[in-house]
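Peer 1: Structure below; questions to follow.
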Amino acid sequence: MPVWDDLVGQERIQAQLAAAARDADALVTAATAGTAPPAASKMTHAWLFTGPPGSGRTTAARAFAAALQCTSPDRALGGEPGCGFCDGCHTTMVGTHADVSTVVAVGSQILVADMRDTVRKSYTSPATGRWQIILVEDAERLNEKSANAVLKAVEEPAPRTVWMLCSPSVEDVLPTIRSRCRHLNLGTPTVAAVADMLVRRDGIEPTVALAAARVTQGHVDRARRLATDEGARERRATVLKLPLRVDDIGACLKAAQELVDAAAEDAKQVADEVDTKETEELRTALGAGAGAGSRMPRGTAGVMKELEDRQKRRRTRTQRDTLEVALTDLTGFYRDVLALQLGSSVAIANEEIRHDLDRIARASGPERTLRRIEAIIACRDSLDRNVAPLLAVEAMTMALRAG
């Protein structure tokens, strides 16, 4: 199937990227043959993909990268780049293509050390593919130094290098960077489109797929996780009980502690799955013997310390990402409460807990609900400023109680 099939409800963006991929293919063909390039081209060296969480901005960027690396012979016969079956498409989609470098924030920021080798690679010619592609999944997490390194590379790109930056909005990226990028803004997919994808691609029962798409309000990745992971559904149900548990100060503090502990446990599970394997691979590469107690070669302590620091940053980010999901669920809860209080005709996302929503809606007014939503937003802002998670969540639960 074509690489574009992973995009959900983004037909306009797909058409633009497919046209650019065709023009990119013509540019490479002309350069290889030594002929003049096409007079007008929809292809450019830097792209900025924006859109709300769950819209699929990273998926769109990776699909575009696969189309640029497509080696299907059908292209010469007028076929669309991005067949999904050739080696170029397959390795790009699974993340193993030698000429597609992906940058993901390990911690709360992308440091200049994380970008140094990638920027250096962006100035080299493709080794095996048609383009040298740099995909930055969390461009909003570039700090000042790493953003300046990217700016220099985007200002003076190599002829066959393409930068793809993904960010929630254009305001999250330096003006000097975004002014040099072609901007594509993705919208939130409809509930029906997400549900159809879950049924068609993942074989989910239609009623389960529709429920998952509805409660996540079109967030593709979260909808898939809820539809396929019973544990995720249980954690979400626990979070949605929090507004019913903040009757007194002790309950507020207990609920905050449980929420933070659950996020820490999720981070630990990720670490247990990844860190041990990553550490053993590095020890083997450095020439250490098998087993954690084996002696490390002299002069490798700094490399191991760097890995440990990176793993620690990843655990911190995983914990805060889990909290972010919980805060999103809480915001959706109070959004439904506000809709009931105002008599809005907008669809209720959490229909399965309608009785809880009605209870909170009757016990307070719209003004208190808005203040509670503001408290959740303030908690999210505090986490972004590296406030200790427990302090931020405790402040939020106390504010939810006060209304």
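Lettering and numbering for the structure tokens are positional, with chains as A, B, ... in the shown order, residues counted from 1 in each chain, and ligands counted from 1 in the shown order.
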Which residues are near stretch 214-219 of chain A? Cut-off 6 Å, only C-alpha atoms, ignore same chain within fewer than 6 positions. Put them as a PyMOL selection string.
Peer 2: chain A and resi 54+189-191+349-350
Peer 1: Next, write the just-selected residues to a file, as a short mmCIF file (atom, residue, chain, number, x, y, z; two decimals), in the first residue's frame, keeping C-alpha atoms as the atom set.
Peer 2:
data_model
loop_
_atom_site.label_atom_id
_atom_site.label_comp_id
_atom_site.auth_asym_id
_atom_site.auth_seq_id
_atom_site.Cartn_x
_atom_site.Cartn_y
_atom_site.Cartn_z
CA GLY A 54 -2.61 13.60 17.05
CA PRO A 189 -8.95 14.30 11.76
CA THR A 190 -12.65 13.71 12.20
CA VAL A 191 -13.85 11.07 14.65
CA ALA A 349 -16.69 13.00 24.25
CA ASN A 350 -16.93 10.98 27.48
#
Peer 1: What's the 12 Å shell around stretch 225-238 of chain A, counting only C-alpha atoms, without same-chain residues fewer than 2 positions away, as a ChimeraX atom specification?
Peer 2: /A:54,194-195,197-199,202-216,219-223,240-245,255,258-259,261-263,265-266,322-323,325-330,332-333,350,352-353,356
Peer 1: Go ahead and dump the residues you just picked, N, CA and C atoms, as a compact mmCIF listing (two decimals), in the first residue's frame.
Peer 2:
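out10.txt, freshly written:
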# COMPACT_ATOMS: atom_id res chain seq x y z
N GLY A 54 -1.78 14.64 17.64
CA GLY A 54 -2.61 13.60 17.05
C GLY A 54 -3.00 13.82 15.62
N VAL A 194 -10.93 8.64 11.95
CA VAL A 194 -10.06 7.87 12.84
C VAL A 194 -10.67 6.50 13.11
N ALA A 195 -11.97 6.46 13.36
CA ALA A 195 -12.63 5.17 13.61
C ALA A 195 -12.51 4.26 12.39
N MET A 197 -10.14 4.25 10.18
CA MET A 197 -8.76 3.79 10.12
C MET A 197 -8.52 2.62 11.09
N LEU A 198 -9.04 2.74 12.29
CA LEU A 198 -8.85 1.68 13.28
C LEU A 198 -9.50 0.38 12.84
N VAL A 199 -10.65 0.47 12.22
CA VAL A 199 -11.33 -0.73 11.73
C VAL A 199 -10.59 -1.32 10.55
N ASP A 202 -6.36 -1.76 11.66
CA ASP A 202 -6.01 -2.51 12.87
C ASP A 202 -7.00 -3.61 13.21
N GLY A 203 -8.07 -3.73 12.44
CA GLY A 203 -9.04 -4.79 12.69
C GLY A 203 -9.81 -4.62 13.98
N ILE A 204 -10.00 -3.38 14.45
CA ILE A 204 -10.71 -3.13 15.70
C ILE A 204 -12.21 -3.25 15.47
N GLU A 205 -12.91 -3.77 16.47
CA GLU A 205 -14.37 -3.82 16.43
C GLU A 205 -14.92 -2.41 16.24
N PRO A 206 -15.87 -2.20 15.31
CA PRO A 206 -16.36 -0.84 15.00
C PRO A 206 -16.82 -0.05 16.21
N THR A 207 -17.54 -0.68 17.15
CA THR A 207 -18.01 0.06 18.33
C THR A 207 -16.85 0.51 19.21
N VAL A 208 -15.83 -0.35 19.37
CA VAL A 208 -14.64 0.00 20.16
C VAL A 208 -13.86 1.11 19.46
N ALA A 209 -13.74 0.99 18.14
CA ALA A 209 -13.00 2.01 17.37
C ALA A 209 -13.68 3.36 17.47
N LEU A 210 -15.00 3.39 17.35
CA LEU A 210 -15.72 4.66 17.43
C LEU A 210 -15.59 5.28 18.81
N ALA A 211 -15.67 4.45 19.85
CA ALA A 211 -15.54 4.97 21.22
C ALA A 211 -14.14 5.55 21.45
N ALA A 212 -13.12 4.85 20.99
CA ALA A 212 -11.74 5.34 21.16
C ALA A 212 -11.52 6.63 20.40
N ALA A 213 -12.04 6.71 19.18
CA ALA A 213 -11.88 7.93 18.39
C ALA A 213 -12.63 9.10 19.01
N ARG A 214 -13.79 8.81 19.59
CA ARG A 214 -14.61 9.89 20.17
C ARG A 214 -13.96 10.46 21.42
N VAL A 215 -13.49 9.60 22.33
CA VAL A 215 -12.96 10.11 23.60
C VAL A 215 -11.61 10.81 23.40
N THR A 216 -10.88 10.46 22.35
CA THR A 216 -9.60 11.14 22.08
C THR A 216 -9.77 12.31 21.13
N HIS A 219 -7.44 12.19 18.00
CA HIS A 219 -6.00 11.98 18.19
C HIS A 219 -5.67 10.56 17.74
N VAL A 220 -4.99 10.42 16.60
CA VAL A 220 -4.82 9.12 15.96
C VAL A 220 -4.05 8.14 16.85
N ASP A 221 -2.90 8.53 17.35
CA ASP A 221 -2.06 7.61 18.13
C ASP A 221 -2.74 7.20 19.44
N ARG A 222 -3.35 8.15 20.13
CA ARG A 222 -4.01 7.82 21.38
C ARG A 222 -5.23 6.95 21.14
N ALA A 223 -5.94 7.19 20.06
CA ALA A 223 -7.10 6.36 19.74
C ALA A 223 -6.67 4.92 19.48
N LEU A 240 -10.06 9.83 35.05
CA LEU A 240 -11.36 10.51 34.96
C LEU A 240 -12.15 10.42 36.27
N LYS A 241 -11.69 9.62 37.22
CA LYS A 241 -12.31 9.58 38.54
C LYS A 241 -11.77 10.68 39.45
N LEU A 242 -10.65 11.30 39.04
CA LEU A 242 -10.01 12.29 39.90
C LEU A 242 -10.93 13.46 40.27
N PRO A 243 -11.71 14.03 39.31
CA PRO A 243 -12.59 15.15 39.70
C PRO A 243 -13.60 14.80 40.76
N LEU A 244 -13.87 13.51 40.96
CA LEU A 244 -14.84 13.08 41.97
C LEU A 244 -14.18 12.84 43.32
N ARG A 245 -12.85 12.95 43.38
CA ARG A 245 -12.11 12.57 44.59
C ARG A 245 -11.46 13.76 45.30
N ALA A 255 -4.64 11.97 45.57
CA ALA A 255 -4.89 11.82 44.13
C ALA A 255 -3.68 12.28 43.32
N GLU A 258 -0.90 9.63 43.55
CA GLU A 258 -1.20 8.46 42.74
C GLU A 258 -0.99 8.74 41.25
N LEU A 259 -1.36 9.95 40.81
CA LEU A 259 -1.19 10.30 39.40
C LEU A 259 0.29 10.36 39.04
N ASP A 261 2.77 8.88 40.67
CA ASP A 261 3.34 7.53 40.79
C ASP A 261 3.03 6.68 39.56
N ALA A 262 1.82 6.82 39.02
CA ALA A 262 1.46 6.06 37.82
C ALA A 262 2.31 6.48 36.64
N ALA A 263 2.57 7.80 36.53
CA ALA A 263 3.43 8.29 35.44
C ALA A 263 4.86 7.79 35.62
N GLU A 265 5.76 5.03 37.04
CA GLU A 265 5.77 3.60 36.72
C GLU A 265 5.81 3.38 35.22
N ASP A 266 5.08 4.20 34.47
CA ASP A 266 5.14 4.11 33.01
C ASP A 266 6.55 4.40 32.51
N THR A 322 3.47 11.14 30.03
CA THR A 322 2.34 10.40 30.60
C THR A 322 1.43 11.35 31.37
N LEU A 323 2.02 12.27 32.12
CA LEU A 323 1.22 13.27 32.82
C LEU A 323 0.47 14.15 31.83
N VAL A 325 -0.73 13.30 28.95
CA VAL A 325 -1.91 12.54 28.51
C VAL A 325 -3.02 12.62 29.55
N ALA A 326 -2.65 12.45 30.83
CA ALA A 326 -3.64 12.54 31.90
C ALA A 326 -4.28 13.92 31.96
N LEU A 327 -3.48 14.97 31.79
CA LEU A 327 -4.01 16.33 31.81
C LEU A 327 -4.95 16.57 30.63
N THR A 328 -4.62 15.99 29.49
CA THR A 328 -5.51 16.10 28.32
C THR A 328 -6.85 15.44 28.60
N ASP A 329 -6.82 14.27 29.25
CA ASP A 329 -8.06 13.57 29.60
C ASP A 329 -8.89 14.41 30.58
N LEU A 330 -8.22 15.03 31.56
CA LEU A 330 -8.93 15.87 32.52
C LEU A 330 -9.55 17.09 31.84
N GLY A 332 -10.55 17.22 28.78
CA GLY A 332 -11.72 16.73 28.07
C GLY A 332 -12.91 16.52 29.00
N PHE A 333 -12.65 16.06 30.22
CA PHE A 333 -13.72 15.86 31.21
C PHE A 333 -14.42 17.18 31.49
N ASN A 350 -16.96 12.05 26.47
CA ASN A 350 -16.93 10.98 27.48
C ASN A 350 -18.35 10.52 27.81
N GLU A 352 -19.58 7.67 28.08
CA GLU A 352 -19.69 6.50 28.94
C GLU A 352 -19.71 6.85 30.43
N ILE A 353 -19.33 8.08 30.80
CA ILE A 353 -19.40 8.51 32.21
C ILE A 353 -20.34 9.71 32.33
N ASP A 356 -21.37 10.92 35.81
CA ASP A 356 -20.38 11.70 36.55
C ASP A 356 -20.32 13.13 36.05
Peer 1: Can you list, as a compact mmCIF listing (two decimals) with N, CA, C and O atoms, in the first residue's frame, every protein, DNA or RNA residue that comes within 10 Å of stretch 339-341 of chain A when you count only C-alpha atoms, leaving out same-chain residues fewer than 4 positions away?
Peer 2:
# COMPACT_ATOMS: atom_id res chain seq x y z
N TYR A 334 -13.64 18.22 31.81
CA TYR A 334 -14.25 19.50 32.16
C TYR A 334 -14.81 20.22 30.93
O TYR A 334 -15.75 21.02 31.06
N ARG A 335 -14.28 19.92 29.77
CA ARG A 335 -14.87 20.46 28.55
C ARG A 335 -16.29 19.93 28.37
O ARG A 335 -17.22 20.66 28.02
N SER A 345 -24.78 22.20 22.00
CA SER A 345 -25.14 21.07 21.15
C SER A 345 -23.92 20.25 20.73
O SER A 345 -24.06 19.27 20.00
N VAL A 346 -22.73 20.65 21.20
CA VAL A 346 -21.52 19.91 20.82
C VAL A 346 -21.56 18.51 21.42
O VAL A 346 -22.11 18.30 22.51
N ALA A 347 -21.03 17.55 20.69
CA ALA A 347 -21.08 16.16 21.13
C ALA A 347 -20.24 15.97 22.39
O ALA A 347 -19.15 16.53 22.53
N ILE A 348 -20.74 15.15 23.32
CA ILE A 348 -20.03 14.82 24.55
C ILE A 348 -19.00 13.72 24.23
O ILE A 348 -19.36 12.67 23.69
N ARG A 354 -21.40 9.66 31.56
CA ARG A 354 -22.35 10.79 31.53
C ARG A 354 -22.88 11.12 32.93
O ARG A 354 -23.06 12.30 33.27
N LEU A 357 -20.41 13.30 34.74
CA LEU A 357 -20.40 14.64 34.15
C LEU A 357 -21.61 15.43 34.64
O LEU A 357 -21.48 16.62 35.00
N ASP A 358 -22.76 14.80 34.65
CA ASP A 358 -23.97 15.48 35.11
C ASP A 358 -23.85 15.88 36.58
O ASP A 358 -24.27 16.98 36.97
N ILE A 360 -21.08 16.61 38.33
CA ILE A 360 -20.20 17.78 38.48
C ILE A 360 -20.86 19.02 37.90
O ILE A 360 -20.75 20.12 38.47
N ALA A 361 -21.56 18.87 36.79
CA ALA A 361 -22.20 20.02 36.14
C ALA A 361 -23.27 20.64 37.05
O ALA A 361 -23.41 21.87 37.13
N ARG A 362 -24.03 19.79 37.75
CA ARG A 362 -25.09 20.31 38.64
C ARG A 362 -24.50 20.94 39.91
O ARG A 362 -25.12 21.83 40.49
N SER A 364 -21.80 22.77 40.25
CA SER A 364 -21.04 24.01 40.07
C SER A 364 -21.55 24.74 38.84
O SER A 364 -22.42 24.25 38.12
N GLY A 365 -20.95 25.92 38.60
CA GLY A 365 -21.34 26.72 37.45
C GLY A 365 -20.24 26.79 36.42
O GLY A 365 -19.11 26.34 36.65
N PRO A 366 -20.54 27.40 35.26
CA PRO A 366 -19.54 27.50 34.19
C PRO A 366 -18.26 28.23 34.61
O PRO A 366 -17.17 27.89 34.16
N GLU A 367 -18.41 29.25 35.49
CA GLU A 367 -17.24 30.00 35.91
C GLU A 367 -16.24 29.10 36.65
O GLU A 367 -15.02 29.18 36.41
N THR A 369 -16.00 25.87 36.36
CA THR A 369 -15.45 24.91 35.40
C THR A 369 -14.32 25.53 34.60
O THR A 369 -13.28 24.89 34.36
Peer 1: Contacts of A:Ala46 at 9 Å or less, counting only C-alpha atoms, minus same-chain residues fewer than 6 places along, as a list in words?
Peer 2: Val154, Pro157, Thr161, Val162, Trp163, Met164, Leu165, Arg178, Arg180, Cys181, Arg182 and His183 of chain A
Peer 1: Listing only residues of stretch 106-157 of chain A within 10 Å of stretch 61-68 of chain A, what is the closest atom pair and its distance in Å (to one decimal) for each, using only C-alpha atoms, sorted by chain and residue number ascending, as JSON lines?
Peer 2:
{"residue": "A:Gly129", "atom": "CA", "partner": "A:Leu68", "partner_atom": "CA", "distance": 8.8}
{"residue": "A:Arg130", "atom": "CA", "partner": "A:Leu68", "partner_atom": "CA", "distance": 7.0}
{"residue": "A:Trp131", "atom": "CA", "partner": "A:Leu68", "partner_atom": "CA", "distance": 6.9}
{"residue": "A:Gln132", "atom": "CA", "partner": "A:Ala65", "partner_atom": "CA", "distance": 9.5}
{"residue": "A:Ile133", "atom": "CA", "partner": "A:Ala65", "partner_atom": "CA", "distance": 6.9}
{"residue": "A:Ile134", "atom": "CA", "partner": "A:Ala65", "partner_atom": "CA", "distance": 9.0}
{"residue": "A:Leu135", "atom": "CA", "partner": "A:Ala61", "partner_atom": "CA", "distance": 7.4}
{"residue": "A:Val136", "atom": "CA", "partner": "A:Ala61", "partner_atom": "CA", "distance": 9.3}
{"residue": "A:Glu137", "atom": "CA", "partner": "A:Ala61", "partner_atom": "CA", "distance": 8.8}
Peer 1: Neighbouring residues of A:Asp117 were defined as those with any atom within 12 Å, considering only C-alpha atoms; residues of the same chain fewer than 5 positions away were excluded. Please report them as a list of chain:residue names.
Peer 2: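 That gives A:Ser101, A:Thr102, A:Val103, A:Leu111, A:Val112, A:Ser122, A:Tyr123, A:Thr124, A:Ile134, A:Ser146, A:Ala149, A:Val150, A:Ala153.
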